[in-house]
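Asker: Here you go, one structure.
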Amino acid sequence: MKNYIYVIFIFFLSCKEEKIVKSTNNFNLKNSDEIYKKISKIPDNQLTKIEIPEFIDLDTIEGNSKLVSITIKNKGHHNLTSFVVKPPCSCNEVSKYDSLMLPNTSQTFTVNMKFDKIGDFYQGITLYGSFYPYIKKVYVEGYRRR
C-alpha cells in the first residue's frame, strides 16, 4: 500500500502546471489579452468602483438570438475611462456605449446574443475599464428550446 502512495505522490510532483493569470473574479485571462494589458497600466489612484449584474438569467428562450440589456453604474469618485465591452463571440453584436463615464452616472447597453445549440447555455460578457481589477464578467445563462 505504501508503494502506491509514493507512486501517486511522485506522479503529482511530475505534472506540469500551466501559468494562468487569475483575477479576483475567478475567471482566467490568457497572457495574450491585449485589452487587459493596456488597461492594467492605469494607476490605482485613478480607478473607480462600478456596479454591474453578475448573472443575467434568461430562463427559457426560443429562437437563435436574444437581446440582453446590461446597466453599468459608476459608483466611485473617479471617471470610468477606457470602458470596453467584449462579447463571448464576434457573432454577438454590442450596441453603442460611452467609453467614458462620470462619477455617479449609469448607462445601459445591449448585446444581441446568438445561440446555435439547443439546451442549457452559460456565456460571459467581458467588461474592461479603469475599475479594480480592470476586468469583470457578466454571465448570461438560460435554456434554449427548439
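Identifiers in the C-alpha cells: chain A, B, ... in order shown; residue index from 1 per chain; ligand index from 1 in order shown.
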May I have the residues within 12 Å of His77 of chain A as a PyMOL selection string, using only C-alpha atoms and disregarding those fewer than 3 positions away in the same chain?
Answerer: chain A and resi 45-50+73-74+80+101-105+130-131
Asker: Write a file of the just-selected residues containing C-alpha atoms, as a PDB file, in the first residue's frame.
Answerer:
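The file below, part.pdb, is the result:
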ATOM      1  CA  ASN A  45      -5.230  56.185  -7.729  1.00  0.00           C
ATOM      2  CA  GLN A  46      -7.277  56.692 -10.959  1.00  0.00           C
ATOM      3  CA  LEU A  47      -9.515  53.631 -10.525  1.00  0.00           C
ATOM      4  CA  THR A  48     -13.212  53.889  -9.761  1.00  0.00           C
ATOM      5  CA  LYS A  49     -15.888  51.490  -8.474  1.00  0.00           C
ATOM      6  CA  ILE A  50     -18.609  50.051 -10.688  1.00  0.00           C
ATOM      7  CA  LYS A  73     -23.120  52.282 -12.743  1.00  0.00           C
ATOM      8  CA  ASN A  74     -20.004  54.293 -11.884  1.00  0.00           C
ATOM      9  CA  LEU A  80     -14.568  55.499 -15.649  1.00  0.00           C
ATOM     10  CA  MET A 101     -18.487  57.714 -17.613  1.00  0.00           C
ATOM     11  CA  LEU A 102     -18.547  60.423 -14.983  1.00  0.00           C
ATOM     12  CA  PRO A 103     -18.878  59.539 -11.275  1.00  0.00           C
ATOM     13  CA  ASN A 104     -22.394  58.649 -10.064  1.00  0.00           C
ATOM     14  CA  THR A 105     -23.732  58.062 -13.579  1.00  0.00           C
ATOM     15  CA  SER A 130     -10.489  51.836 -15.111  1.00  0.00           C
ATOM     16  CA  PHE A 131     -12.008  49.910 -12.193  1.00  0.00           C
TER      17      PHE A 131
END
Asker: Need to verify the contact set: Tyr97 of chain A, 8 Å, only C-alpha atoms, exclusion of same-chain residues closer than 5 positions in sequence. Can you return it as a list in words?
Answerer: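 The neighbour list is Gln107, Thr108 and Phe109 of chain A.
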Asker: Rounded to one decimal, what separation in Å do you get between atom CA of Tyr122 of chain A and atom CA of Leu67 of chain A?
Answerer: 15.0 Å
Asker: Report as a PyMOL selection string all protein, DNA and RNA residues lying within 10 Å of Gly142 of chain A, evaluated on only C-alpha atoms, omitting residues in the same chain fewer than 5 positions from it.
Answerer: chain A and resi 56-61+119-123
Asker: Those residues with C-alpha atoms, as a short mmCIF file (atom, residue, chain, number, x, y, z; two decimals), in the first residue's frame please?
Answerer:
data_model
loop_
_atom_site.label_atom_id
_atom_site.label_comp_id
_atom_site.auth_asym_id
_atom_site.auth_seq_id
_atom_site.Cartn_x
_atom_site.Cartn_y
_atom_site.Cartn_z
CA ILE A 56 -28.48 37.51 -16.10
CA ASP A 57 -30.93 34.62 -16.19
CA LEU A 58 -32.83 34.48 -19.47
CA ASP A 59 -34.77 31.41 -18.28
CA THR A 60 -36.14 29.65 -21.39
CA ILE A 61 -35.79 31.24 -24.81
CA GLY A 119 -30.25 23.23 -24.35
CA ASP A 120 -28.55 24.98 -21.46
CA PHE A 121 -26.18 27.88 -22.12
CA TYR A 122 -23.79 29.86 -19.95
CA GLN A 123 -21.77 32.64 -21.59
#
Asker: Work out how far apart atom CA of Cys91 of chain A and atom CA of Glu34 of chain A are and give it in Å to one decimal.
Answerer: 19.9 Å
Asker: Near Thr110 of chain A, counting only C-alpha atoms, which residues have an atom at most 7 Å away, once you skip same-chain residues fewer than 3 positions from it, shown as a list of chain:residue names?
Answerer: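 My list of contacting residues is A:Leu67, A:Val68, A:Ser69, A:Ile70, A:Val94, A:Ser95.
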Asker: Using only C-alpha atoms, which of the listed residues (A:Asn112, A:Ile35, A:Ser40, A:Glu51) sits closest to Pro87 of chain A?
Answerer: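 Among the listed residues, the smallest separation from Pro87 of chain A belongs to A:Asn112.
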Asker: Mind giving me the straight-line distance from atom CA of Lys136 of chain A to atom CA of Asp116 of chain A in Å, one decimal?
Answerer: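 Taking atom CA of Lys136 of chain A and atom CA of Asp116 of chain A, their separation equals 24.8 Å.
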Asker: Between A:Gly124, A:Gly129, A:Pro53, A:Pro88, which residue has the minimum interatomic distance to Thr71 of chain A, considering only C-alpha atoms?
Answerer: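 Among the listed residues, the smallest separation from Thr71 of chain A belongs to A:Pro53.
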Asker: Residues of segment 13-122 of chain A classed as strand (DSSP E) by DSSP on the backbone are to be reported as number ranges by chain.
Answerer: A: 21-22, 28-29, 50-51, 55-61, 65-74, 84-86, 93-94, 105-114, 119-122
Asker: Measuring atom to atom with only C-alpha atoms, identify which of A:Arg145, A:Lys96, A:Lys75, A:Lys86 is nearest to Asp33 of chain A.
Answerer: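 Of all the options, A:Lys86 lies closest to Asp33 of chain A.
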Asker: Considering only C-alpha atoms, return as a PyMOL selection string whatever protein or nucleic-acid residues lie within 12 Å of Ser90 of chain A, sequence-local ones (same chain, fewer than 5 positions apart) excluded.
Answerer: chain A and resi 85+111-114+125
Asker: So that I can check the surroundings of Phe115 of chain A, please list as a ChimeraX atom specification every protein, DNA and RNA residue that reaches within 9 Å of it, counting only C-alpha atoms and ignoring chain neighbours fewer than 3 positions away.
Answerer: /A:63-66,118,121,144
